[in-house]
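Shown here: run_26.cif, mmCIF, C-alpha atoms.
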data_work
loop_
_atom_site.label_atom_id
_atom_site.label_comp_id
_atom_site.auth_asym_id
_atom_site.auth_seq_id
_atom_site.Cartn_x
_atom_site.Cartn_y
_atom_site.Cartn_z
CA MET E 1 -101.35 -49.04 -56.34
CA ILE E 2 -99.61 -48.40 -53.01
CA ARG E 3 -100.62 -45.11 -51.44
CA VAL E 4 -98.78 -43.68 -48.43
CA THR E 5 -98.89 -40.16 -47.00
CA ALA E 6 -97.34 -38.61 -43.93
CA ARG E 7 -100.75 -38.32 -42.33
CA SER E 8 -101.80 -41.92 -43.09
CA VAL E 9 -98.74 -43.36 -41.35
CA GLY E 10 -98.67 -40.79 -38.55
CA LEU E 11 -95.10 -39.63 -39.10
CA PRO E 12 -93.94 -36.11 -38.21
CA LEU E 13 -91.39 -35.90 -41.03
CA ASP E 14 -90.27 -32.40 -40.23
CA GLY E 15 -87.19 -31.49 -38.25
CA PRO E 16 -84.42 -34.00 -39.05
CA VAL E 17 -85.57 -34.39 -42.65
CA SER E 18 -84.28 -31.84 -45.15
CA PRO E 19 -87.00 -29.26 -45.92
CA LYS E 20 -86.19 -29.23 -49.66
CA LEU E 21 -89.44 -31.07 -50.35
CA PRO E 22 -92.70 -31.07 -48.35
CA PRO E 23 -93.13 -34.35 -46.38
CA ASP E 24 -96.00 -35.65 -48.52
CA ASP E 25 -94.06 -34.92 -51.70
CA ARG E 26 -91.11 -36.86 -50.39
CA LEU E 27 -93.34 -39.82 -49.60
CA ARG E 28 -94.95 -39.65 -53.04
CA CYS E 29 -91.49 -39.73 -54.58
CA LEU E 30 -90.57 -42.67 -52.34
CA VAL E 31 -93.64 -44.58 -53.50
CA ALA E 32 -92.96 -43.76 -57.15
CA VAL E 33 -89.41 -45.10 -56.92
CA ALA E 34 -90.53 -48.25 -55.07
CA GLU E 35 -93.32 -49.00 -57.53
CA GLY E 36 -90.75 -49.24 -60.32
CA GLN E 37 -88.65 -51.66 -58.25
CA CYS E 38 -91.17 -54.28 -57.10
CA GLY E 39 -91.97 -52.22 -54.00
CA LEU E 40 -88.33 -51.73 -52.96
CA ILE E 41 -86.10 -48.77 -52.29
CA THR E 42 -82.47 -48.43 -51.21
CA ARG E 43 -80.91 -46.34 -48.48
CA ALA E 44 -79.04 -44.35 -51.12
CA GLN E 45 -82.30 -43.58 -52.94
CA LEU E 46 -83.91 -42.50 -49.68
CA ALA E 47 -81.00 -40.13 -49.09
CA GLU E 48 -81.50 -38.67 -52.56
CA LEU E 49 -85.11 -38.02 -51.59
CA CYS E 50 -83.86 -36.09 -48.52
CA PHE E 51 -84.75 -38.70 -45.90
CA SER E 52 -82.27 -38.52 -43.03
CA GLU E 53 -81.09 -41.55 -41.04
CA THR E 54 -83.50 -40.54 -38.28
CA ALA E 55 -86.43 -40.32 -40.71
CA VAL E 56 -85.61 -43.75 -42.18
CA THR E 57 -85.45 -45.21 -38.69
CA ARG E 58 -88.91 -43.78 -37.97
CA LEU E 59 -90.29 -45.25 -41.21
CA VAL E 60 -88.93 -48.66 -40.23
CA SER E 61 -90.21 -48.43 -36.63
CA ARG E 62 -93.71 -47.54 -37.88
CA GLY E 63 -93.72 -50.44 -40.37
CA VAL E 64 -93.76 -48.23 -43.45
CA LEU E 65 -90.42 -49.70 -44.51
CA HIS E 66 -89.11 -53.19 -43.79
CA ARG E 67 -85.42 -53.94 -44.19
CA ILE E 68 -84.98 -57.12 -46.26
CA ARG E 69 -81.30 -56.77 -47.22
CA PRO E 70 -78.52 -54.44 -46.14
CA SER E 71 -79.61 -50.96 -47.27
CA VAL E 72 -82.65 -52.37 -49.15
CA TYR E 73 -86.19 -51.81 -47.83
CA ARG E 74 -89.65 -53.05 -48.81
CA LEU E 75 -92.49 -50.54 -48.75
CA LEU E 76 -95.63 -51.19 -46.74
CA GLY E 77 -98.24 -52.91 -48.94
CA ALA E 78 -95.74 -54.46 -51.35
CA GLY E 79 -96.15 -58.19 -50.78
CA PRO E 80 -93.11 -60.45 -51.17
CA SER E 81 -92.59 -62.29 -54.46
CA ARG E 82 -89.90 -64.07 -56.43
CA GLU E 83 -89.47 -61.02 -58.66
CA GLN E 84 -89.03 -58.84 -55.59
CA ASP E 85 -86.37 -61.19 -54.22
CA ILE E 86 -84.43 -60.88 -57.49
CA VAL E 87 -84.70 -57.09 -57.58
CA ALA E 88 -83.65 -56.89 -53.92
CA ALA E 89 -80.49 -58.85 -54.74
CA LEU E 90 -79.72 -56.53 -57.65
CA LEU E 91 -80.26 -53.38 -55.58
CA TRP E 92 -78.10 -54.80 -52.79
CA ALA E 93 -75.25 -55.72 -55.16
CA GLY E 94 -75.15 -52.47 -57.10
CA GLY E 95 -72.46 -52.19 -59.75
CA TYR E 96 -75.10 -52.15 -62.49
CA ALA E 97 -76.00 -55.70 -61.46
CA PHE E 98 -78.30 -57.82 -63.60
CA ALA E 99 -79.93 -61.23 -63.23
CA SER E 100 -77.96 -63.86 -65.13
CA HIS E 101 -77.19 -67.55 -65.63
CA ARG E 102 -80.04 -69.77 -64.32
CA THR E 103 -81.96 -66.79 -62.94
CA GLY E 104 -81.68 -65.17 -66.37
CA ALA E 105 -83.19 -68.33 -67.88
CA GLU E 106 -85.94 -68.21 -65.26
CA ILE E 107 -86.90 -64.64 -66.12
CA HIS E 108 -86.93 -65.41 -69.85
CA GLY E 109 -89.09 -68.50 -69.24
CA LEU E 110 -86.44 -70.90 -70.54
CA PRO E 111 -85.82 -74.43 -69.20
CA GLY E 112 -83.49 -74.82 -66.26
CA GLY E 113 -84.62 -71.72 -64.41
CA SER E 114 -85.78 -71.40 -60.77
CA PRO E 115 -82.41 -72.26 -59.19
CA PRO E 116 -82.14 -72.53 -55.39
CA LEU E 117 -79.98 -69.41 -55.33
CA ILE E 118 -80.57 -66.16 -57.17
CA GLU E 119 -77.76 -65.67 -59.69
CA ILE E 120 -76.58 -62.21 -60.67
CA THR E 121 -73.66 -60.57 -62.44
CA THR E 122 -72.14 -57.36 -61.13
CA ARG E 123 -68.97 -55.29 -61.12
CA SER E 124 -68.96 -55.04 -57.33
CA SER E 125 -67.34 -57.47 -54.91
CA ALA E 126 -70.59 -58.11 -53.02
CA ARG E 127 -70.91 -61.53 -51.41
CA THR E 128 -73.67 -63.29 -49.47
CA CYS E 129 -74.66 -66.89 -48.82
CA ASP E 130 -78.06 -66.79 -50.53
CA VAL E 131 -77.05 -65.11 -53.82
CA ALA E 132 -74.64 -66.54 -56.37
CA VAL E 133 -72.62 -63.53 -57.50
CA HIS E 134 -70.68 -63.66 -60.77
CA ARG E 135 -68.27 -60.76 -60.88
CA ARG E 136 -67.20 -59.25 -64.21
CA ALA E 137 -65.42 -55.99 -64.77
CA THR E 138 -67.09 -55.36 -68.13
CA TRP E 139 -69.74 -56.73 -70.47
CA ALA E 140 -70.97 -55.83 -73.92
CA PRO E 141 -73.51 -52.98 -74.14
CA GLY E 142 -76.10 -55.27 -75.70
CA ASP E 143 -75.83 -57.96 -73.03
CA VAL E 144 -78.47 -56.49 -70.70
CA MET E 145 -82.15 -55.75 -71.20
CA ILE E 146 -85.18 -54.94 -69.03
CA VAL E 147 -87.90 -57.58 -68.54
CA ASP E 148 -90.80 -56.62 -66.25
CA ASP E 149 -88.67 -53.90 -64.61
CA ILE E 150 -85.82 -56.37 -63.92
CA ARG E 151 -82.34 -55.93 -65.38
CA VAL E 152 -81.47 -59.29 -66.93
CA SER E 153 -79.01 -60.73 -69.42
CA THR E 154 -80.27 -61.05 -72.98
CA ILE E 155 -81.06 -64.56 -74.20
CA PRO E 156 -77.79 -64.91 -76.19
CA ARG E 157 -75.81 -63.76 -73.16
CA THR E 158 -77.84 -66.07 -70.90
CA LEU E 159 -76.96 -69.02 -73.13
CA LEU E 160 -73.30 -68.07 -73.03
CA ASP E 161 -73.38 -67.88 -69.23
CA LEU E 162 -75.23 -71.18 -68.91
CA ALA E 163 -72.68 -72.89 -71.17
CA SER E 164 -70.08 -72.37 -68.46
CA ILE E 165 -72.07 -74.01 -65.66
CA VAL E 166 -74.52 -76.63 -67.04
CA PRO E 167 -73.93 -79.93 -68.87
CA LEU E 168 -74.43 -80.36 -72.61
CA GLY E 169 -77.91 -81.91 -72.38
CA PRO E 170 -79.59 -79.16 -70.36
CA LEU E 171 -77.80 -76.53 -72.44
CA ALA E 172 -79.23 -78.10 -75.60
CA ARG E 173 -82.76 -77.86 -74.19
CA VAL E 174 -82.30 -74.17 -73.38
CA LEU E 175 -80.92 -73.48 -76.86
CA ASP E 176 -83.83 -75.28 -78.53
CA ALA E 177 -86.33 -73.36 -76.41
CA ALA E 178 -84.66 -70.07 -77.37
CA LEU E 179 -84.77 -70.94 -81.08
CA HIS E 180 -88.42 -71.94 -80.77
CA ARG E 181 -89.07 -68.51 -79.24
CA GLY E 182 -87.71 -66.92 -82.42
CA VAL E 183 -84.20 -66.01 -81.24
CA ALA E 184 -81.92 -66.12 -84.29
CA LEU E 185 -79.21 -68.77 -84.20
CA ASP E 186 -76.90 -66.27 -85.89
CA SER E 187 -77.29 -63.79 -83.02
CA ILE E 188 -76.30 -66.48 -80.52
CA SER E 189 -73.35 -67.51 -82.68
CA ARG E 190 -72.11 -63.92 -82.99
CA ARG E 191 -72.30 -63.43 -79.23
CA LEU E 192 -70.40 -66.65 -78.69
CA GLU E 193 -67.60 -65.80 -81.10
CA ALA E 194 -67.23 -62.32 -79.61
CA THR E 195 -66.45 -63.94 -76.27
CA ALA E 196 -64.72 -67.18 -77.31
CA VAL E 197 -61.39 -65.38 -77.69
CA GLN E 198 -61.46 -64.76 -73.94
CA GLY E 199 -61.20 -68.50 -73.28
CA ARG E 200 -64.45 -68.79 -71.30
CA ASN E 201 -65.61 -72.20 -70.14
CA GLY E 202 -68.43 -73.80 -72.10
CA THR E 203 -67.75 -72.20 -75.46
CA VAL E 204 -66.88 -75.59 -76.99
CA ASN E 205 -70.23 -77.11 -75.99
CA LEU E 206 -72.26 -74.15 -77.17
CA ARG E 207 -70.42 -74.01 -80.49
CA LYS E 208 -71.05 -77.74 -80.98
CA LEU E 209 -74.79 -77.27 -80.45
CA ILE E 210 -74.91 -74.25 -82.75
CA ASN E 211 -73.13 -76.15 -85.52
CA GLU E 212 -75.56 -79.07 -85.17
CA ARG E 213 -78.50 -76.72 -85.66
CA ALA E 214 -77.04 -74.59 -88.44
CA ASP E 215 -78.56 -76.67 -91.26
CA GLU E 216 -81.89 -77.45 -89.62
CA THR E 217 -84.87 -76.10 -91.52
CA ALA E 218 -87.10 -75.63 -88.45
CA ALA E 219 -86.63 -75.25 -84.72
CA VAL E 220 -87.07 -78.43 -82.69
CA GLU E 221 -89.97 -77.88 -80.30
CA SER E 222 -89.39 -80.30 -77.43
CA PRO E 223 -86.64 -82.25 -75.64
CA LEU E 224 -88.12 -85.48 -77.01
CA GLU E 225 -87.86 -84.20 -80.58
CA ARG E 226 -84.22 -83.32 -79.92
CA ASP E 227 -83.60 -86.80 -78.49
CA PHE E 228 -85.14 -88.34 -81.60
CA LEU E 229 -83.07 -86.19 -83.94
CA THR E 230 -79.94 -87.12 -81.99
CA LEU E 231 -80.85 -90.79 -82.40
CA VAL E 232 -81.22 -90.31 -86.17
CA ARG E 233 -77.83 -88.63 -86.43
CA ASP E 234 -76.03 -91.05 -84.12
CA ARG E 235 -77.24 -94.01 -86.21
CA ASN E 236 -76.54 -92.33 -89.57
CA LEU E 237 -80.16 -92.53 -90.72
CA ASP E 238 -81.44 -90.29 -93.47
CA GLU E 239 -82.51 -87.15 -91.67
CA PRO E 240 -86.26 -86.41 -91.78
CA VAL E 241 -87.78 -82.96 -92.20
CA PRO E 242 -88.93 -81.45 -88.88
CA GLN E 243 -92.30 -79.72 -88.39
CA TYR E 244 -93.59 -80.76 -91.80
CA PRO E 245 -97.04 -79.43 -92.82
CA VAL E 246 -99.32 -81.84 -94.69
CA PHE E 247 -101.86 -80.31 -97.09
CA VAL E 248 -105.01 -82.14 -98.16
CA ASP E 249 -107.45 -80.45 -100.53
CA GLY E 250 -105.65 -77.15 -100.09
CA HIS E 251 -105.67 -76.96 -96.31
CA VAL E 252 -103.27 -78.13 -93.61
CA VAL E 253 -104.53 -81.26 -91.87
CA ALA E 254 -101.43 -81.87 -89.77
CA ARG E 255 -97.99 -80.61 -88.92
CA LEU E 256 -95.87 -83.69 -88.38
CA ASP E 257 -93.04 -83.75 -85.87
CA PHE E 258 -90.86 -85.30 -88.58
CA ALA E 259 -91.45 -86.60 -92.08
CA TYR E 260 -89.88 -88.18 -95.11
CA PRO E 261 -92.11 -86.32 -97.59
CA ASP E 262 -90.83 -88.11 -100.71
CA LEU E 263 -91.80 -91.46 -99.13
CA LYS E 264 -94.93 -90.16 -97.37
CA ILE E 265 -93.69 -91.40 -93.99
CA GLY E 266 -94.73 -89.34 -91.00
CA ILE E 267 -93.21 -89.60 -87.52
CA GLU E 268 -95.02 -88.46 -84.40
CA LEU E 269 -93.52 -88.47 -80.91
CA ASP E 270 -96.09 -89.32 -78.22
CA GLY E 271 -98.56 -88.04 -80.81
CA TYR E 272 -101.39 -90.51 -80.14
CA ALA E 273 -100.34 -91.99 -76.82
CA PHE E 274 -101.67 -89.26 -74.55
CA HIS E 275 -104.70 -86.99 -74.84
CA SER E 276 -105.74 -84.18 -72.57
CA SER E 277 -109.45 -84.66 -73.26
CA ARG E 278 -111.99 -86.70 -75.19
CA GLU E 279 -112.19 -83.85 -77.70
CA ALA E 280 -108.43 -83.99 -78.26
CA PHE E 281 -108.62 -87.77 -78.69
CA GLU E 282 -111.33 -87.42 -81.34
CA ARG E 283 -109.41 -84.65 -83.15
CA ASP E 284 -106.23 -86.70 -83.25
CA ARG E 285 -108.03 -89.79 -84.55
CA ARG E 286 -109.65 -87.76 -87.34
CA ARG E 287 -106.26 -86.27 -88.18
CA LEU E 288 -104.69 -89.72 -88.36
CA THR E 289 -107.47 -90.97 -90.65
CA GLU E 290 -106.98 -88.06 -93.06
CA LEU E 291 -103.23 -88.72 -93.20
CA VAL E 292 -103.67 -92.45 -93.86
CA ASN E 293 -106.34 -91.80 -96.52
CA ASP E 294 -103.91 -89.44 -98.21
CA GLY E 295 -101.36 -92.22 -98.43
CA TRP E 296 -99.18 -91.45 -95.41
CA HIS E 297 -97.56 -94.23 -93.38
CA MET E 298 -97.40 -93.09 -89.77
CA LEU E 299 -94.81 -94.09 -87.18
CA VAL E 300 -95.50 -93.18 -83.55
CA PHE E 301 -92.74 -93.38 -80.93
CA THR E 302 -92.98 -92.69 -77.21
CA GLY E 303 -90.31 -91.06 -75.09
CA PRO E 304 -89.19 -94.32 -73.42
CA GLN E 305 -88.92 -96.00 -76.82
CA VAL E 306 -86.70 -93.24 -78.18
CA ARG E 307 -84.50 -93.01 -75.10
CA ASP E 308 -84.35 -96.65 -73.98
CA HIS E 309 -84.80 -98.65 -77.20
CA PRO E 310 -83.01 -96.71 -79.95
CA ALA E 311 -82.16 -99.88 -81.91
CA TRP E 312 -85.84 -100.82 -82.14
CA VAL E 313 -86.73 -97.28 -83.30
CA GLU E 314 -83.97 -97.45 -85.90
CA GLN E 315 -85.25 -100.74 -87.28
CA ALA E 316 -88.84 -99.44 -87.42
CA ILE E 317 -87.70 -96.46 -89.50
CA LEU E 318 -85.53 -98.57 -91.80
CA LYS E 319 -88.37 -101.06 -92.36
CA ALA E 320 -90.87 -98.29 -93.15
CA ARG E 321 -88.43 -96.67 -95.59
CA ALA E 322 -87.70 -100.01 -97.30
CA GLN E 323 -91.40 -100.74 -97.72
CA ALA E 324 -92.08 -97.26 -99.10
CA LEU E 325 -89.21 -97.53 -101.61
CA ALA E 326 -90.49 -100.96 -102.68
CA ARG E 327 -93.97 -99.54 -103.31
CA ILE E 328 -92.54 -96.71 -105.37
CA GLU E 329 -90.45 -99.12 -107.45
CA SER E 330 -93.42 -101.40 -108.05
CA ASP E 331 -95.53 -98.51 -109.22
#
Can the structure from this file be put into structure tokens for me?
Amino acid sequence: MIRVTARSVGLPLDGPVSPKLPPDDRLRCLVAVAEGQCGLITRAQLAELCFSETAVTRLVSRGVLHRIRPSVYRLLGAGPSREQDIVAALLWAGGYAFASHRTGAEIHGLPGGSPPLIEITTRSSARTCDVAVHRRATWAPGDVMIVDDIRVSTIPRTLLDLASIVPLGPLARVLDAALHRGVALDSISRRLEATAVQGRNGTVNLRKLINERADETAAVESPLERDFLTLVRDRNLDEPVPQYPVFVDGHVVARLDFAYPDLKIGIELDGYAFHSSREAFERDRRRLTELVNDGWHMLVFTGPQVRDHPAWVEQAILKARAQALARIESD
């Protein structure tokens, strides 16, 4: 916790500063405000705490405050950070600004975050070279939330914003990550349709992705799984069940990336090609043995195979399905 008092910084905060609050109380209030803003405070907030221009100048000259943006100061002891940079941009912009677009994705931990510029949305006309400012006069009340003391667009709103600036592929990865996090597809769809009437860019792409996922029984968990499912659909193959749990003797021995349960064909993507440790290698081999002993035929595809050799993957699936159907007919 940052602790600053008038005595510790050697500032005679009497005279030019309004006597409404004792000096130490004003500093305690300053610290309390800054602690809720990643160690930052604005000139307007300092004025509300009865710090005059002269008193602020003294705080800056003594190193208690450091100006990092126009009218935005960092308090002594509050080290710089990415979160602080974002909050500083929001405080500078005003207008109920919130982090949005790729910075919104970054804060939510979604793919495509960490852009070179901080991106925010605000009602003000603020402009600067190191912040991408998206100006909107209004937004829906439920579009903004607080994450780690940072005002940020909700995930549905973030997806809507991203749809207007990123290509279809990256947008699909963000949508899949959001669904895997438990965000309801219906909530994203409702937010889209509420805005689509305004003619915003990107609504066609986002609607396309939502419609593709509407009938899926489970969220796709990785970009490679999405690439595989796209391959299946593009080549009009029978669609497998994603994230299929396999029970043996009453307990789950595996959760397959995809499966044709009626044919006992399992599909793993990079499932046995890479292992983080010897223990993981042994666990995967035991898992594979249990599946084979239970009558499962396993197909394993790597990322390059799915992306660069789709015809070969298609033929492997068709051959496995034909062999399984032949076994069933012979039985």
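Close contacts of Lys264 in chain E, defined as residues with an atom at most 7 Å away when counting all atoms listed in the file, with chain neighbours fewer than 5 positions off set aside, comprise Gly295, Trp296 and His297 of chain E.
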Centre, edges in Å (one decimal): axis-aligned box, range 225-243 of chain E, 8 Å padding on all six sides, as lines of an AutoDock Vina configuration file:
center_x = -84.2
center_y = -86.9
center_z = -86.0
size_x = 32.3
size_y = 30.3
size_z = 31.0
Evaluated on this file, the PyMOL selection byres ((chain E and resi 218) around 9) picks out some residues - which ones are they, written as a list in words? His180, Glu216, Thr217, Ala219, Val220, Glu221, Val241, Pro242, Gln243 and Tyr244 of chain E
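Using only C-alpha atoms, the shortest contact distance between Asp227 in chain E and any of E:Ile107, E:Leu185, E:Ala172, E:Ala214 is found at E:Ala172.
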Within 12 Å of file point (-90.3, -51.5, -53.5), counting only C-alpha atoms, expressed as number ranges by chain: E: 1-2, 29-43, 45-46, 64-68, 72-81, 83-88, 91, 149
Could you tell me, as a short mmCIF file (atom, residue, chain, number, x, y, z; two decimals) with C-alpha atoms, in the coordinates of the input, exactly which residues end up selected when the PyMOL selection byres ((chain E and resi 57) around 12) is applied to this structure?
data_model
loop_
_atom_site.label_atom_id
_atom_site.label_comp_id
_atom_site.auth_asym_id
_atom_site.auth_seq_id
_atom_site.Cartn_x
_atom_site.Cartn_y
_atom_site.Cartn_z
CA LEU E 11 -95.10 -39.63 -39.10
CA LEU E 13 -91.39 -35.90 -41.03
CA PRO E 16 -84.42 -34.00 -39.05
CA VAL E 17 -85.57 -34.39 -42.65
CA ARG E 43 -80.91 -46.34 -48.48
CA LEU E 46 -83.91 -42.50 -49.68
CA PHE E 51 -84.75 -38.70 -45.90
CA SER E 52 -82.27 -38.52 -43.03
CA GLU E 53 -81.09 -41.55 -41.04
CA THR E 54 -83.50 -40.54 -38.28
CA ALA E 55 -86.43 -40.32 -40.71
CA VAL E 56 -85.61 -43.75 -42.18
CA ARG E 58 -88.91 -43.78 -37.97
CA LEU E 59 -90.29 -45.25 -41.21
CA VAL E 60 -88.93 -48.66 -40.23
CA SER E 61 -90.21 -48.43 -36.63
CA ARG E 62 -93.71 -47.54 -37.88
CA GLY E 63 -93.72 -50.44 -40.37
CA VAL E 64 -93.76 -48.23 -43.45
CA LEU E 65 -90.42 -49.70 -44.51
CA HIS E 66 -89.11 -53.19 -43.79
CA ARG E 67 -85.42 -53.94 -44.19
CA SER E 71 -79.61 -50.96 -47.27
CA TYR E 73 -86.19 -51.81 -47.83
#
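Using all atoms listed in the file, the nearest neighbour of Phe247 in chain E within the list E:Asn211, E:Asp294, E:Tyr260, E:Thr203 is E:Asp294.
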How many Å separate CA of Leu192 in chain E from CA of Arg127 in chain E? 27.8 Å
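Between CA of Asp25 in chain E and CA of Glu48 in chain E lies a distance of 13.1 Å.
Our summary of the geometry notes that CA of Asp262 in chain E is positioned 24.0 Å from CA of Leu224 in chain E.
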Carefully work through the PyMOL selection byres ((chain E and resi 137) around 9) for this structure and note down the residues it includes, as number ranges by chain. E: 122-124, 135-136, 138-139
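Each of E:Ala126, E:Ala316, E:Arg69, E:Arg151 was checked against Phe98 in chain E using only C-alpha atoms; the smallest atom-to-atom distance is that of E:Arg151.
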Restricting the calculation to all atoms listed in the file, which member of E:Pro115, E:Pro141, E:Pro304, E:Gly94 is positioned closest to Ser153 in chain E? E:Pro141
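Closest to Asp143 in chain E among E:Ala99, E:Val183, E:Leu171, E:Ala177 is E:Ala99, based on all atoms listed in the file.
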